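This is my_file-v5.pdb (PDB, C-alpha atoms and all ligand atoms).
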ATOM      1  CA  MET A   1      -5.780   0.525  26.781  1.00  0.00           C
ATOM      2  CA  ASN A   2      -3.211   3.251  26.258  1.00  0.00           C
ATOM      3  CA  VAL A   3      -2.119   3.676  22.597  1.00  0.00           C
ATOM      4  CA  LYS A   4       0.612   6.209  21.831  1.00  0.00           C
ATOM      5  CA  VAL A   5       1.728   7.267  18.342  1.00  0.00           C
ATOM      6  CA  PHE A   6       5.346   8.271  17.604  1.00  0.00           C
ATOM      7  CA  LYS A   7       6.270  10.042  14.378  1.00  0.00           C
ATOM      8  CA  LEU A   8       8.315   7.947  11.931  1.00  0.00           C
ATOM      9  CA  ILE A   9       7.974   9.644   8.508  1.00  0.00           C
ATOM     10  CA  PRO A  10       6.978  13.338   8.388  1.00  0.00           C
ATOM     11  CA  GLU A  11       4.335  14.660   5.989  1.00  0.00           C
ATOM     12  CA  GLU A  12       6.871  16.587   3.904  1.00  0.00           C
ATOM     13  CA  ASP A  13       9.008  13.471   3.272  1.00  0.00           C
ATOM     14  CA  ILE A  14       5.916  11.539   2.146  1.00  0.00           C
ATOM     15  CA  LYS A  15       4.933  14.365  -0.194  1.00  0.00           C
ATOM     16  CA  ASN A  16       8.388  14.460  -1.815  1.00  0.00           C
ATOM     17  CA  LYS A  17       8.526  10.682  -2.148  1.00  0.00           C
ATOM     18  CA  VAL A  18       5.073  10.442  -3.732  1.00  0.00           C
ATOM     19  CA  LYS A  19       6.104  13.082  -6.291  1.00  0.00           C
ATOM     20  CA  GLU A  20       9.322  11.173  -7.056  1.00  0.00           C
ATOM     21  CA  LEU A  21       7.419   7.879  -7.530  1.00  0.00           C
ATOM     22  CA  ALA A  22       4.756   9.573  -9.676  1.00  0.00           C
ATOM     23  CA  ASP A  23       7.437  11.087 -11.936  1.00  0.00           C
ATOM     24  CA  ARG A  24       9.017   7.667 -12.500  1.00  0.00           C
ATOM     25  CA  ILE A  25       5.639   6.032 -13.142  1.00  0.00           C
ATOM     26  CA  SER A  26       4.609   8.820 -15.541  1.00  0.00           C
ATOM     27  CA  LYS A  27       7.769   8.240 -17.595  1.00  0.00           C
ATOM     28  CA  ASP A  28       7.457   4.444 -17.584  1.00  0.00           C
ATOM     29  CA  TYR A  29       3.781   4.467 -18.588  1.00  0.00           C
ATOM     30  CA  LEU A  30       3.905   7.255 -21.174  1.00  0.00           C
ATOM     31  CA  ASN A  31       1.444   6.433 -24.007  1.00  0.00           C
ATOM     32  CA  LYS A  32       0.093   3.418 -22.117  1.00  0.00           C
ATOM     33  CA  GLU A  33      -3.345   2.905 -20.634  1.00  0.00           C
ATOM     34  CA  LEU A  34      -2.560   2.786 -16.916  1.00  0.00           C
ATOM     35  CA  ILE A  35      -4.985   1.454 -14.313  1.00  0.00           C
ATOM     36  CA  LEU A  36      -4.096   1.929 -10.649  1.00  0.00           C
ATOM     37  CA  ILE A  37      -5.604  -0.733  -8.400  1.00  0.00           C
ATOM     38  CA  GLY A  38      -5.621   0.275  -4.743  1.00  0.00           C
ATOM     39  CA  ILE A  39      -5.747  -2.285  -1.959  1.00  0.00           C
ATOM     40  CA  LEU A  40      -8.359  -1.125   0.565  1.00  0.00           C
ATOM     41  CA  LYS A  41      -8.552   0.373   2.911  1.00  0.00           C
ATOM     42  CA  GLY A  42      -4.932   1.204   3.743  1.00  0.00           C
ATOM     43  CA  ALA A  43      -3.819   2.408   0.282  1.00  0.00           C
ATOM     44  CA  PHE A  44      -6.596   4.916  -0.434  1.00  0.00           C
ATOM     45  CA  VAL A  45      -4.760   8.065   0.676  1.00  0.00           C
ATOM     46  CA  PHE A  46      -1.520   7.002  -1.010  1.00  0.00           C
ATOM     47  CA  LEU A  47      -3.334   6.153  -4.267  1.00  0.00           C
ATOM     48  CA  ALA A  48      -5.164   9.487  -4.313  1.00  0.00           C
ATOM     49  CA  ASP A  49      -1.947  11.465  -3.852  1.00  0.00           C
ATOM     50  CA  LEU A  50      -0.065   9.297  -6.345  1.00  0.00           C
ATOM     51  CA  MET A  51      -2.753   9.706  -8.999  1.00  0.00           C
ATOM     52  CA  ARG A  52      -2.852  13.491  -8.559  1.00  0.00           C
ATOM     53  CA  ASN A  53       0.916  13.653  -9.034  1.00  0.00           C
ATOM     54  CA  LEU A  54       0.981  11.627 -12.261  1.00  0.00           C
ATOM     55  CA  THR A  55       1.513  13.676 -15.403  1.00  0.00           C
ATOM     56  CA  ILE A  56      -0.186  11.046 -17.601  1.00  0.00           C
ATOM     57  CA  PRO A  57      -3.866  10.026 -17.729  1.00  0.00           C
ATOM     58  CA  SER A  58      -4.839   7.073 -15.540  1.00  0.00           C
ATOM     59  CA  SER A  59      -7.922   5.374 -14.168  1.00  0.00           C
ATOM     60  CA  CYS A  60      -8.393   3.501 -10.920  1.00  0.00           C
ATOM     61  CA  ASP A  61     -10.201   0.694  -9.228  1.00  0.00           C
ATOM     62  CA  PHE A  62     -10.010  -0.887  -5.774  1.00  0.00           C
ATOM     63  CA  ILE A  63      -9.865  -4.336  -4.273  1.00  0.00           C
ATOM     64  CA  LYS A  64     -10.720  -4.906  -0.636  1.00  0.00           C
ATOM     65  CA  VAL A  65      -9.000  -7.579   1.385  1.00  0.00           C
ATOM     66  CA  SER A  66      -9.684  -8.612   4.968  1.00  0.00           C
ATOM     67  CA  SER A  67      -7.664  -6.668   7.512  1.00  0.00           C
ATOM     68  CA  TYR A  68      -5.930  -7.389  10.785  1.00  0.00           C
ATOM     69  CA  GLY A  69      -8.863  -6.038  12.844  1.00  0.00           C
ATOM     70  CA  LYS A  70      -7.676  -5.378  16.355  1.00  0.00           C
ATOM     71  CA  SER A  71      -4.584  -7.526  15.991  1.00  0.00           C
ATOM     72  CA  THR A  72      -1.161  -6.187  14.948  1.00  0.00           C
ATOM     73  CA  GLU A  73      -0.107  -9.618  13.613  1.00  0.00           C
ATOM     74  CA  SER A  74      -1.039 -10.923  10.162  1.00  0.00           C
ATOM     75  CA  SER A  75      -2.963 -14.186  10.102  1.00  0.00           C
ATOM     76  CA  GLY A  76      -1.361 -14.984   6.741  1.00  0.00           C
ATOM     77  CA  ILE A  77      -4.819 -15.786   5.389  1.00  0.00           C
ATOM     78  CA  VAL A  78      -5.867 -13.400   2.643  1.00  0.00           C
ATOM     79  CA  LYS A  79      -9.544 -12.990   1.829  1.00  0.00           C
ATOM     80  CA  ILE A  80     -11.002 -10.812  -0.938  1.00  0.00           C
ATOM     81  CA  VAL A  81     -13.935  -8.912   0.535  1.00  0.00           C
ATOM     82  CA  ALA A  82     -14.713  -6.900  -2.645  1.00  0.00           C
ATOM     83  CA  ASP A  83     -13.138  -7.502  -6.047  1.00  0.00           C
ATOM     84  CA  ILE A  84     -12.343  -4.904  -8.747  1.00  0.00           C
ATOM     85  CA  SER A  85     -15.258  -3.971 -10.981  1.00  0.00           C
ATOM     86  CA  MET A  86     -13.400  -2.905 -14.154  1.00  0.00           C
ATOM     87  CA  PRO A  87     -12.320  -5.305 -16.901  1.00  0.00           C
ATOM     88  CA  ILE A  88      -8.496  -5.337 -16.966  1.00  0.00           C
ATOM     89  CA  GLU A  89      -7.798  -7.706 -19.852  1.00  0.00           C
ATOM     90  CA  ASP A  90      -4.877  -6.345 -21.932  1.00  0.00           C
ATOM     91  CA  LYS A  91      -4.448  -3.365 -19.579  1.00  0.00           C
ATOM     92  CA  ASP A  92      -1.337  -2.213 -17.747  1.00  0.00           C
ATOM     93  CA  ILE A  93      -1.988  -2.577 -14.034  1.00  0.00           C
ATOM     94  CA  LEU A  94      -0.189  -0.925 -11.158  1.00  0.00           C
ATOM     95  CA  LEU A  95      -1.152  -2.533  -7.864  1.00  0.00           C
ATOM     96  CA  VAL A  96      -0.933   0.105  -5.126  1.00  0.00           C
ATOM     97  CA  GLU A  97      -0.271  -1.198  -1.611  1.00  0.00           C
ATOM     98  CA  ASP A  98       0.297   0.618   1.677  1.00  0.00           C
ATOM     99  CA  ILE A  99       2.722  -1.813   3.354  1.00  0.00           C
ATOM    100  CA  VAL A 100       4.510  -4.976   2.299  1.00  0.00           C
ATOM    101  CA  ASP A 101       4.914  -7.072   5.431  1.00  0.00           C
ATOM    102  CA  THR A 102       5.118 -10.846   4.830  1.00  0.00           C
ATOM    103  CA  GLY A 103       4.384 -10.356   1.104  1.00  0.00           C
ATOM    104  CA  LEU A 104       1.525 -12.892   1.237  1.00  0.00           C
ATOM    105  CA  THR A 105      -1.218 -10.377   0.352  1.00  0.00           C
ATOM    106  CA  LEU A 106       0.598  -9.255  -2.769  1.00  0.00           C
ATOM    107  CA  GLN A 107       1.404 -12.793  -3.839  1.00  0.00           C
ATOM    108  CA  TYR A 108      -2.250 -13.742  -3.492  1.00  0.00           C
ATOM    109  CA  LEU A 109      -3.507 -10.649  -5.332  1.00  0.00           C
ATOM    110  CA  ILE A 110      -1.005 -10.958  -8.178  1.00  0.00           C
ATOM    111  CA  ASN A 111      -2.194 -14.543  -8.749  1.00  0.00           C
ATOM    112  CA  HIS A 112      -5.825 -13.452  -8.508  1.00  0.00           C
ATOM    113  CA  LEU A 113      -5.476 -10.513 -10.927  1.00  0.00           C
ATOM    114  CA  SER A 114      -3.321 -12.486 -13.381  1.00  0.00           C
ATOM    115  CA  LEU A 115      -6.328 -14.734 -14.032  1.00  0.00           C
ATOM    116  CA  LYS A 116      -8.053 -11.663 -15.520  1.00  0.00           C
ATOM    117  CA  LYS A 117      -5.291 -11.524 -18.188  1.00  0.00           C
ATOM    118  CA  PRO A 118      -3.903  -7.966 -17.879  1.00  0.00           C
ATOM    119  CA  LYS A 119      -1.069  -6.976 -20.228  1.00  0.00           C
ATOM    120  CA  SER A 120       1.224  -6.277 -17.257  1.00  0.00           C
ATOM    121  CA  ILE A 121       1.122  -6.062 -13.452  1.00  0.00           C
ATOM    122  CA  LYS A 122       3.612  -4.012 -11.453  1.00  0.00           C
ATOM    123  CA  ILE A 123       3.728  -3.160  -7.765  1.00  0.00           C
ATOM    124  CA  CYS A 124       3.894   0.221  -6.080  1.00  0.00           C
ATOM    125  CA  ALA A 125       4.169   0.143  -2.283  1.00  0.00           C
ATOM    126  CA  LEU A 126       4.577   3.060   0.091  1.00  0.00           C
ATOM    127  CA  LEU A 127       6.290   1.068   2.856  1.00  0.00           C
ATOM    128  CA  ASP A 128       8.270  -2.161   3.036  1.00  0.00           C
ATOM    129  CA  LYS A 129       9.311  -4.155   6.124  1.00  0.00           C
ATOM    130  CA  PRO A 130      12.056  -6.436   4.702  1.00  0.00           C
ATOM    131  CA  GLU A 131      12.668  -8.119   8.101  1.00  0.00           C
ATOM    132  CA  ARG A 132       9.164  -9.587   7.956  1.00  0.00           C
ATOM    133  CA  HIS A 133       9.138 -11.026   4.426  1.00  0.00           C
ATOM    134  CA  LYS A 134       8.049 -14.638   4.110  1.00  0.00           C
ATOM    135  CA  ILE A 135       8.299 -14.499   0.345  1.00  0.00           C
ATOM    136  CA  GLU A 136      10.135 -12.081  -1.937  1.00  0.00           C
ATOM    137  CA  ILE A 137       7.916 -10.092  -4.297  1.00  0.00           C
ATOM    138  CA  PRO A 138       9.747  -7.568  -6.465  1.00  0.00           C
ATOM    139  CA  ILE A 139       8.470  -4.065  -5.630  1.00  0.00           C
ATOM    140  CA  ASP A 140       8.778  -1.972  -8.786  1.00  0.00           C
ATOM    141  CA  TYR A 141       8.149   1.370  -7.074  1.00  0.00           C
ATOM    142  CA  LEU A 142       8.909   1.637  -3.359  1.00  0.00           C
ATOM    143  CA  GLY A 143       8.507   4.630  -1.057  1.00  0.00           C
ATOM    144  CA  PHE A 144      10.317   3.782   2.184  1.00  0.00           C
ATOM    145  CA  THR A 145      11.950   0.799   3.847  1.00  0.00           C
ATOM    146  CA  ILE A 146      10.921   0.754   7.522  1.00  0.00           C
ATOM    147  CA  PRO A 147      11.856  -1.273  10.614  1.00  0.00           C
ATOM    148  CA  ASN A 148       9.596  -3.952  12.059  1.00  0.00           C
ATOM    149  CA  LYS A 149       7.145  -1.647  13.854  1.00  0.00           C
ATOM    150  CA  PHE A 150       3.362  -1.432  13.638  1.00  0.00           C
ATOM    151  CA  VAL A 151       2.654   1.760  11.727  1.00  0.00           C
ATOM    152  CA  VAL A 152      -0.415   3.986  11.347  1.00  0.00           C
ATOM    153  CA  GLY A 153      -1.401   7.216   9.606  1.00  0.00           C
ATOM    154  CA  TYR A 154      -1.669   8.413   5.978  1.00  0.00           C
ATOM    155  CA  GLY A 155      -4.613   6.039   5.446  1.00  0.00           C
ATOM    156  CA  ILE A 156      -3.201   3.216   7.583  1.00  0.00           C
ATOM    157  CA  ASP A 157      -5.102   2.237  10.739  1.00  0.00           C
ATOM    158  CA  TYR A 158      -4.962   0.465  14.038  1.00  0.00           C
ATOM    159  CA  ASP A 159      -8.494  -0.826  14.706  1.00  0.00           C
ATOM    160  CA  GLU A 160      -9.888   1.873  12.334  1.00  0.00           C
ATOM    161  CA  LYS A 161      -8.123   4.654  14.222  1.00  0.00           C
ATOM    162  CA  PHE A 162      -5.353   7.036  13.074  1.00  0.00           C
ATOM    163  CA  ARG A 163      -6.017   6.872   9.301  1.00  0.00           C
ATOM    164  CA  TYR A 164      -6.472  10.653   9.326  1.00  0.00           C
ATOM    165  CA  LEU A 165      -2.913  11.439  10.452  1.00  0.00           C
ATOM    166  CA  PRO A 166      -0.986  13.235   7.686  1.00  0.00           C
ATOM    167  CA  TYR A 167       2.288  11.501   8.702  1.00  0.00           C
ATOM    168  CA  ILE A 168       3.347   7.882   9.303  1.00  0.00           C
ATOM    169  CA  GLY A 169       3.788   6.982  12.950  1.00  0.00           C
ATOM    170  CA  TYR A 170       4.356   3.799  14.905  1.00  0.00           C
ATOM    171  CA  ILE A 171       2.345   2.813  17.932  1.00  0.00           C
ATOM    172  CA  GLU A 172       3.061   1.617  21.419  1.00  0.00           C
ATOM    173  CA  ILE A 173       0.245  -0.182  23.247  1.00  0.00           C
ATOM    174  CA  ASN A 174       0.487  -0.003  27.045  1.00  0.00           C
ATOM    175  CA  GLY A 175       4.153   1.000  26.734  1.00  0.00           C
ATOM    176  CA  GLU A 176       5.060  -1.840  24.323  1.00  0.00           C
ATOM    177  CA  GLU A 177       5.823  -1.579  20.581  1.00  0.00           C
TER     178      GLU A 177
HETATM  179  P1  LIG B 201       1.341  -8.941   4.230  1.00  0.00           P
HETATM  180  O1  LIG B 201       0.384  -9.816   3.493  1.00  0.00           O
HETATM  181  O2  LIG B 201       2.445  -8.406   3.350  1.00  0.00           O
HETATM  182  O3  LIG B 201       1.869  -9.630   5.459  1.00  0.00           O
HETATM  183  O4  LIG B 201       0.515  -7.771   4.835  1.00  0.00           O
HETATM  184  C1  LIG B 201       0.204  -6.649   4.135  1.00  0.00           C
HETATM  185  C2  LIG B 201      -0.926  -5.928   4.819  1.00  0.00           C
HETATM  186  O5  LIG B 201      -0.841  -6.051   6.236  1.00  0.00           O
HETATM  187  C3  LIG B 201      -0.872  -4.442   4.551  1.00  0.00           C
HETATM  188  O6  LIG B 201      -1.614  -4.118   3.417  1.00  0.00           O
HETATM  189  C4  LIG B 201      -1.513  -3.864   5.785  1.00  0.00           C
HETATM  190  O7  LIG B 201      -2.904  -3.834   5.641  1.00  0.00           O
HETATM  191  C5  LIG B 201      -1.179  -4.859   6.864  1.00  0.00           C
HETATM  192  N1  LIG B 201      -0.041  -4.387   7.656  1.00  0.00           N
HETATM  193  C6  LIG B 201       1.224  -4.828   7.640  1.00  0.00           C
HETATM  194  N2  LIG B 201       2.004  -4.147   8.485  1.00  0.00           N
HETATM  195  C7  LIG B 201       1.190  -3.231   9.056  1.00  0.00           C
HETATM  196  C8  LIG B 201       1.397  -2.182  10.014  1.00  0.00           C
HETATM  197  O8  LIG B 201       2.500  -1.927  10.502  1.00  0.00           O
HETATM  198  N3  LIG B 201       0.304  -1.426  10.327  1.00  0.00           N
HETATM  199  C9  LIG B 201      -0.924  -1.652   9.790  1.00  0.00           C
HETATM  200  N4  LIG B 201      -1.912  -0.891  10.196  1.00  0.00           N
HETATM  201  N5  LIG B 201      -1.163  -2.626   8.905  1.00  0.00           N
HETATM  202  C10 LIG B 201      -0.106  -3.393   8.538  1.00  0.00           C
END

Would you mind writing the file's structure down as structure tokens?
Ligand code: 5GP
Amino acid sequence: MNVKVFKLIPEEDIKNKVKELADRISKDYLNKELILIGILKGAFVFLADLMRNLTIPSSCDFIKVSSYGKSTESSGIVKIVADISMPIEDKDILLVEDIVDTGLTLQYLINHLSLKKPKSIKICALLDKPERHKIEIPIDYLGFTIPNKFVVGYGIDYDEKFRYLPYIGYIEINGEE
């Protein structure tokens, strides 16, 4: 199988955007107890950069959901593989996602985390594919709107490959997007 990666968002643009998002979040959460919850594995690089750019104290936890595996199409079935380990009751939560595609993962996780009674839950997503939405979830902090392509890099994989790329690219498999 021949997989080719084409650059979509350069490293420098990601860096600037993360700084911009972190500045907004730092202002909005001033004097609050912010917990970032990263959705694994795709959001780990984004969360790390976001956290380092915040000018307020924060803590973090992670939740792992089942991934696409070798497929580039979502099954629409969300499974929690590993839940958060911190208590979040009465805390301000920022759910950090790599890509919003159909929106089903976020809907499921918002419902799941709400049962733990946090004070607030907001969403921060690096990428959004509006063409693919099945439900509309308000994204409070969004990096980039992208076309309907399968993307990799900056923590995001195709079959566990390409997470290490410092930029966001899209892939073509055997000459097809
Ligand atoms: P949703 O539930 O919104 O359909 O899917 C969200 C999840 O699907 C993302 O967290 C990500 O793991 C995966 N996903 C959606 N689009 C892409 C893509 O273009 N590339 C990769 N690698 N994963 C994607």

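In terms of minimum interatomic distance to His112 (chain A), A:Val78 ranks closest within A:Leu165, A:Val78, A:Met86, A:Ile137, counting all atoms listed in the file.
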
Output check: residues returned by the PyMOL selection byres (((chain A and resi 66) around 7) and not hetatm), as a ChimeraX atom specification: /A:64-65,67,78-81

Result set, the PyMOL selection byres (((not hetatm)) within 8 of (chain B and resi 201)) on current file, as a ChimeraX atom specification: /A:39-43,67-68,72-74,76,78,97-107,129,132-133,148-152,156-159,170

Residue among A:Ile135, A:Phe144, A:Ile25, A:Phe162 lying closest to Asp13 (chain A), counting only C-alpha atoms: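 Comparing A:Ile135, A:Phe144, A:Ile25, A:Phe162 against Asp13 (chain A), the winner is A:Phe144.
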
Atom pair CA of Asp23 (chain A) / CA of Leu142 (chain A): separation (Å):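 Calculated distance between CA of Asp23 (chain A) and CA of Leu142 (chain A) is 12.8 Å.
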
Nearest to Tyr141 (chain A), chosen from A:Arg52, A:Lys117, A:Lys15, A:Arg24, with all atoms listed in the file counted in the distances: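 Under the stated criterion, the closest residue is A:Arg24.
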
Resolved residues for the PyMOL selection byres (((chain A and resi 145) around 9) and not hetatm) as JSON, numbers by chain: {"A": [126, 127, 128, 129, 130, 142, 143, 144, 146, 147]}

For CA of Leu34 (chain A) and CA of Ser58 (chain A), the interatomic separation in Å (one decimal): 5.0 Å

Nearest to Glu33 (chain A), chosen from A:Ile93, A:Leu109, A:Met1, A:Leu8, with all atoms listed in the file counted in the distances: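 Closest to Glu33 (chain A) of all the choices is A:Ile93.
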
Top pick for closest residue to Ile171 (chain A), considering A:Ala125, A:Ile88, A:Asn16, A:Gly153 and counting only C-alpha atoms: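 Going through A:Ala125, A:Ile88, A:Asn16, A:Gly153 one by one, the smallest distance to Ile171 (chain A) is for A:Gly153.
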
For CA of Pro87 (chain A) and CA of Phe44 (chain A), the interatomic separation in Å (one decimal):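 Atom-to-atom, CA of Pro87 (chain A) and CA of Phe44 (chain A) are spaced 20.2 Å apart.
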
Repaired coordinates for region 138-148 of chain A (all heavy atoms) as an mmCIF file, in the frame of the given file:
data_model
loop_
_atom_site.group_PDB
_atom_site.id
_atom_site.type_symbol
_atom_site.label_atom_id
_atom_site.label_comp_id
_atom_site.auth_asym_id
_atom_site.auth_seq_id
_atom_site.Cartn_x
_atom_site.Cartn_y
_atom_site.Cartn_z
ATOM 1 N N PRO A 138 9.058 -8.790 -6.020
ATOM 2 C CA PRO A 138 9.747 -7.568 -6.465
ATOM 3 C C PRO A 138 8.823 -6.355 -6.404
ATOM 4 O O PRO A 138 7.708 -6.401 -6.938
ATOM 5 C CB PRO A 138 10.161 -7.878 -7.914
ATOM 6 C CG PRO A 138 9.490 -9.141 -8.286
ATOM 7 C CD PRO A 138 8.879 -9.774 -7.082
ATOM 8 N N ILE A 139 9.258 -5.308 -5.709
ATOM 9 C CA ILE A 139 8.470 -4.065 -5.630
ATOM 10 C C ILE A 139 9.056 -3.100 -6.660
ATOM 11 O O ILE A 139 10.211 -2.683 -6.531
ATOM 12 C CB ILE A 139 8.523 -3.450 -4.216
ATOM 13 C CG1 ILE A 139 8.093 -4.486 -3.173
ATOM 14 C CG2 ILE A 139 7.641 -2.205 -4.126
ATOM 15 C CD1 ILE A 139 8.285 -4.045 -1.730
ATOM 16 N N ASP A 140 8.263 -2.790 -7.686
ATOM 17 C CA ASP A 140 8.778 -1.972 -8.786
ATOM 18 C C ASP A 140 8.966 -0.516 -8.369
ATOM 19 O O ASP A 140 9.903 0.141 -8.810
ATOM 20 C CB ASP A 140 7.813 -2.066 -9.977
ATOM 21 C CG ASP A 140 7.621 -3.515 -10.404
ATOM 22 O OD1 ASP A 140 8.504 -4.023 -11.103
ATOM 23 O OD2 ASP A 140 6.622 -4.147 -9.997
ATOM 24 N N TYR A 141 8.065 -0.021 -7.541
ATOM 25 C CA TYR A 141 8.149 1.370 -7.074
ATOM 26 C C TYR A 141 7.937 1.354 -5.563
ATOM 27 O O TYR A 141 6.836 1.049 -5.095
ATOM 28 C CB TYR A 141 7.059 2.226 -7.740
ATOM 29 C CG TYR A 141 7.088 2.152 -9.254
ATOM 30 C CD1 TYR A 141 6.279 1.240 -9.935
ATOM 31 C CD2 TYR A 141 7.948 2.972 -9.985
ATOM 32 C CE1 TYR A 141 6.313 1.160 -11.327
ATOM 33 C CE2 TYR A 141 7.988 2.892 -11.377
ATOM 34 C CZ TYR A 141 7.166 1.981 -12.037
ATOM 35 O OH TYR A 141 7.206 1.898 -13.405
ATOM 36 N N LEU A 142 8.997 1.681 -4.827
ATOM 37 C CA LEU A 142 8.909 1.637 -3.359
ATOM 38 C C LEU A 142 9.164 3.012 -2.755
ATOM 39 O O LEU A 142 10.107 3.705 -3.142
ATOM 40 C CB LEU A 142 9.921 0.624 -2.805
ATOM 41 C CG LEU A 142 10.050 0.601 -1.274
ATOM 42 C CD1 LEU A 142 8.748 0.123 -0.622
ATOM 43 C CD2 LEU A 142 11.208 -0.282 -0.830
ATOM 44 N N GLY A 143 8.318 3.371 -1.767
ATOM 45 C CA GLY A 143 8.507 4.630 -1.057
ATOM 46 C C GLY A 143 9.630 4.518 -0.030
ATOM 47 O O GLY A 143 10.737 5.003 -0.242
ATOM 48 N N PHE A 144 9.365 3.823 1.069
ATOM 49 C CA PHE A 144 10.317 3.782 2.184
ATOM 50 C C PHE A 144 10.470 2.367 2.726
ATOM 51 O O PHE A 144 9.490 1.627 2.841
ATOM 52 C CB PHE A 144 9.813 4.645 3.351
ATOM 53 C CG PHE A 144 9.555 6.068 3.005
ATOM 54 C CD1 PHE A 144 8.280 6.487 2.612
ATOM 55 C CD2 PHE A 144 10.575 7.016 3.082
ATOM 56 C CE1 PHE A 144 8.025 7.813 2.297
ATOM 57 C CE2 PHE A 144 10.324 8.347 2.776
ATOM 58 C CZ PHE A 144 9.050 8.743 2.378
ATOM 59 N N THR A 145 11.704 2.025 3.095
ATOM 60 C CA THR A 145 11.950 0.799 3.847
ATOM 61 C C THR A 145 11.862 1.185 5.320
ATOM 62 O O THR A 145 12.460 2.184 5.734
ATOM 63 C CB THR A 145 13.361 0.267 3.522
ATOM 64 O OG1 THR A 145 13.378 -0.063 2.133
ATOM 65 C CG2 THR A 145 13.707 -0.961 4.329
ATOM 66 N N ILE A 146 11.097 0.400 6.102
ATOM 67 C CA ILE A 146 10.921 0.754 7.522
ATOM 68 C C ILE A 146 11.270 -0.441 8.415
ATOM 69 O O ILE A 146 11.232 -1.592 7.963
ATOM 70 C CB ILE A 146 9.469 1.229 7.834
ATOM 71 C CG1 ILE A 146 8.434 0.159 7.449
ATOM 72 C CG2 ILE A 146 9.181 2.560 7.182
ATOM 73 C CD1 ILE A 146 7.046 0.419 8.029
ATOM 74 N N PRO A 147 11.597 -0.175 9.677
ATOM 75 C CA PRO A 147 11.856 -1.273 10.614
ATOM 76 C C PRO A 147 10.578 -2.015 10.976
ATOM 77 O O PRO A 147 9.477 -1.584 10.620
ATOM 78 C CB PRO A 147 12.442 -0.564 11.840
ATOM 79 C CG PRO A 147 12.022 0.857 11.720
ATOM 80 C CD PRO A 147 11.780 1.146 10.277
ATOM 81 N N ASN A 148 10.737 -3.113 11.690
ATOM 82 C CA ASN A 148 9.596 -3.952 12.059
ATOM 83 C C ASN A 148 8.793 -3.333 13.212
ATOM 84 O O ASN A 148 8.918 -3.754 14.360
ATOM 85 C CB ASN A 148 10.108 -5.346 12.431
ATOM 86 C CG ASN A 148 8.960 -6.278 12.778
ATOM 87 O OD1 ASN A 148 7.801 -5.980 12.476
ATOM 88 N ND2 ASN A 148 9.280 -7.387 13.421
#
